[in-house]
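Working notes, beginning with the structure itself.
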Amino acid sequence: MAIDTSIRNDRCGALATALAAHLAHHACETLVAHGEVTLVVPSEYLLPVCRILHDHADFRFEQLIDVCGVDYAAYGQAEWETAEASSTGFGRGVDRDLDLAVDDPRRFAVVYHLLSLAHNRRLRLRVYAGGGAPVVDSVLPVWASANWFEREAFDLFGILFRGHPDLRRILTDYGFIGHPFRKDFPISGQVEMRYDPVQGRVIYEPVQIEPRVLVPKVIREDSRYVAHHSAAGVGNA
């Protein structure tokens, strides 16, 4: 179904205007791009802003759709930026020594997606959580559905949510070390697990997988071509 972009832009403009009018004293930044509105909120004003977005008649964002963490440590960098190739297929190298901004105060962010059923509007909310020890306030007092979402962001990114009543891991195993969605977390992990029939239980061991680059490769002489050439040779004989 075609979307009338003028209507969408009008909605974005009206929402951006309302945000600027009601949040002028909270040092927020409003971004409009691709027909979507993003509100960047300083961490110290997160809860007051969320209450305004939830309660004010001009917003009525009663529903929290999603909460997710973001790690910007390698933002703007790419492992595969190269134009080199070998004559035997894909020989593009990979740069595993990216310069990660691990201590940047804007390294970690929490992103919230809000929905207003009353006004048929959506809003993306972003708050930076810091670098070394990321922490923001829990929005559970405003949206109860944030409970497990915040636990997930804590588990995968190590972002702490101040005031959360039960901030425990939710996806990784008991005793898991580290946070697997961080850019500095090793791709192969830190430990590997297997079932030991002698001990009758699952055990953890150091990782034995050697780091390797998974690069697509074109194999010219595979079994199909070998079989074809062999048959052709027999016929000619």
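Going through the structure tokens in order, the chains are called A, B, and so on, while each chain numbers its residues from 1 and the ligands are numbered from 1 in the order shown.
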Show me, as a PyMOL selection string, the residues that have an atom within 10 Å of A:Glu192 when counting only C-alpha atoms, minus same-chain residues fewer than 2 positions from it. chain A and resi 188-190+194+203-209
Taking C-alpha atoms for each residue, export the selection above as an mmCIF file, in the first residue's frame.
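Resulting contents of again.cif:
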data_model
loop_
_atom_site.group_PDB
_atom_site.id
_atom_site.type_symbol
_atom_site.label_atom_id
_atom_site.label_comp_id
_atom_site.auth_asym_id
_atom_site.auth_seq_id
_atom_site.Cartn_x
_atom_site.Cartn_y
_atom_site.Cartn_z
ATOM 1 C CA SER A 188 34.603 -17.322 19.742
ATOM 2 C CA GLY A 189 33.653 -16.591 23.354
ATOM 3 C CA GLN A 190 35.748 -17.160 26.458
ATOM 4 C CA ARG A 194 30.357 -29.991 26.377
ATOM 5 C CA ILE A 203 31.573 -28.994 31.856
ATOM 6 C CA TYR A 204 33.259 -25.778 30.772
ATOM 7 C CA GLU A 205 36.728 -25.648 29.218
ATOM 8 C CA PRO A 206 38.984 -23.027 27.614
ATOM 9 C CA VAL A 207 38.134 -22.261 23.996
ATOM 10 C CA GLN A 208 40.043 -24.514 21.615
ATOM 11 C CA ILE A 209 38.762 -23.005 18.361
#
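Put simply, atom CA of A:Val111 is 10.0 Å away from atom CA of A:Ala153.
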Non-local contacts of A:Leu167 (10 Å; only C-alpha atoms; under 2 positions in same chain excluded) as a ChimeraX atom specification: /A:147-148,150-152,154-155,160-165,169-170
Go ahead and write the residues just picked, N, CA and C atoms, as a short mmCIF file (atom, residue, chain, number, x, y, z; two decimals), in the first residue's frame.
data_model
loop_
_atom_site.label_atom_id
_atom_site.label_comp_id
_atom_site.auth_asym_id
_atom_site.auth_seq_id
_atom_site.Cartn_x
_atom_site.Cartn_y
_atom_site.Cartn_z
N ASN A 147 10.52 -4.40 32.01
CA ASN A 147 11.20 -5.30 32.94
C ASN A 147 12.18 -6.23 32.24
N TRP A 148 11.69 -7.12 31.40
CA TRP A 148 12.57 -8.10 30.77
C TRP A 148 13.45 -7.48 29.70
N GLU A 150 14.93 -4.58 29.90
CA GLU A 150 16.10 -4.03 30.60
C GLU A 150 17.02 -5.14 31.07
N ARG A 151 16.46 -6.26 31.49
CA ARG A 151 17.30 -7.40 31.88
C ARG A 151 18.10 -7.92 30.69
N GLU A 152 17.48 -7.92 29.52
CA GLU A 152 18.18 -8.36 28.31
C GLU A 152 19.34 -7.43 27.97
N PHE A 154 20.94 -5.53 30.02
CA PHE A 154 21.96 -5.74 31.04
C PHE A 154 22.78 -6.99 30.75
N ASP A 155 22.10 -8.06 30.37
CA ASP A 155 22.77 -9.33 30.12
C ASP A 155 23.71 -9.22 28.93
N LEU A 160 23.66 -1.16 33.27
CA LEU A 160 22.92 -1.23 34.53
C LEU A 160 21.71 -0.29 34.48
N PHE A 161 20.61 -0.74 35.08
CA PHE A 161 19.40 0.07 35.13
C PHE A 161 19.08 0.36 36.59
N ARG A 162 19.36 1.58 36.97
CA ARG A 162 19.20 2.03 38.35
C ARG A 162 17.73 1.96 38.77
N GLY A 163 17.46 1.23 39.86
CA GLY A 163 16.10 1.12 40.35
C GLY A 163 15.35 -0.10 39.86
N HIS A 164 15.97 -0.91 39.02
CA HIS A 164 15.30 -2.13 38.56
C HIS A 164 15.18 -3.10 39.74
N PRO A 165 14.03 -3.69 39.96
CA PRO A 165 13.84 -4.52 41.16
C PRO A 165 14.48 -5.91 41.09
N ARG A 169 20.63 -11.73 34.80
CA ARG A 169 20.77 -12.20 33.43
C ARG A 169 19.52 -12.96 33.02
N ILE A 170 19.23 -12.92 31.72
CA ILE A 170 17.99 -13.53 31.25
C ILE A 170 18.21 -14.47 30.07
#
Surrounding residues of A:Pro42 excluding itself and chain neighbours under 2 positions, 10 Å, only C-alpha atoms, as a short mmCIF file (atom, residue, chain, number, x, y, z; two decimals) with N, CA and C atoms, in the first residue's frame:
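Result file is out33.cif:
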data_model
loop_
_atom_site.label_atom_id
_atom_site.label_comp_id
_atom_site.auth_asym_id
_atom_site.auth_seq_id
_atom_site.Cartn_x
_atom_site.Cartn_y
_atom_site.Cartn_z
N HIS A 26 14.70 20.44 29.17
CA HIS A 26 15.34 19.16 29.47
C HIS A 26 16.52 18.85 28.55
N ALA A 27 16.97 19.86 27.81
CA ALA A 27 18.18 19.74 26.97
C ALA A 27 18.11 18.56 26.02
N CYS A 28 16.93 18.29 25.47
CA CYS A 28 16.76 17.17 24.54
C CYS A 28 17.08 17.62 23.11
N GLU A 29 17.40 16.66 22.29
CA GLU A 29 17.67 16.90 20.87
C GLU A 29 16.68 16.09 20.05
N LEU A 39 14.20 11.15 19.65
CA LEU A 39 14.44 12.12 20.72
C LEU A 39 15.64 11.65 21.54
N VAL A 40 16.70 12.45 21.56
CA VAL A 40 17.89 12.14 22.34
C VAL A 40 17.79 12.88 23.68
N GLU A 44 20.25 12.25 32.85
CA GLU A 44 19.72 12.77 34.11
C GLU A 44 18.25 13.19 34.00
N TYR A 45 17.76 13.38 32.77
CA TYR A 45 16.36 13.77 32.58
C TYR A 45 15.49 12.63 32.04
N LEU A 46 16.01 11.41 32.02
CA LEU A 46 15.29 10.32 31.39
C LEU A 46 13.90 10.11 31.99
N VAL A 49 11.34 13.03 31.49
CA VAL A 49 10.90 13.10 30.09
C VAL A 49 9.95 11.94 29.78
N ARG A 126 16.38 7.86 22.66
CA ARG A 126 17.75 7.38 22.85
C ARG A 126 18.42 8.14 23.99
N VAL A 127 19.08 7.38 24.87
CA VAL A 127 19.81 7.98 25.98
C VAL A 127 21.17 7.32 26.06
N TYR A 128 22.21 8.12 26.18
CA TYR A 128 23.57 7.59 26.30
C TYR A 128 23.84 7.20 27.74
N ALA A 129 24.45 6.01 27.91
CA ALA A 129 24.61 5.44 29.25
C ALA A 129 26.02 5.55 29.79
N VAL A 136 21.81 3.76 33.46
CA VAL A 136 20.72 4.72 33.29
C VAL A 136 19.62 4.33 34.27
#
Env of A:Arg182: 7 Å cut, atoms = only C-alpha atoms, seq-sep filter 3 positions within chain, self excluded. Answer as a PyMOL selection string. chain A and resi 71+157+179+185
Give me, please, the distance in Å between atom CA of A:Leu98 and atom CA of A:Pro180, quoted to one decimal.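 Value for the atom CA of A:Leu98-atom CA of A:Pro180 distance: 17.4 Å.
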May I ask which of the residues A:Phe61, A:Phe176, A:Tyr75, A:Tyr195 is the closest one to A:His113, counting only C-alpha atoms? A:Phe61
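One distance worth recording is that between atom CA of A:Ile52 and atom CA of A:Arg124, which is 14.7 Å.
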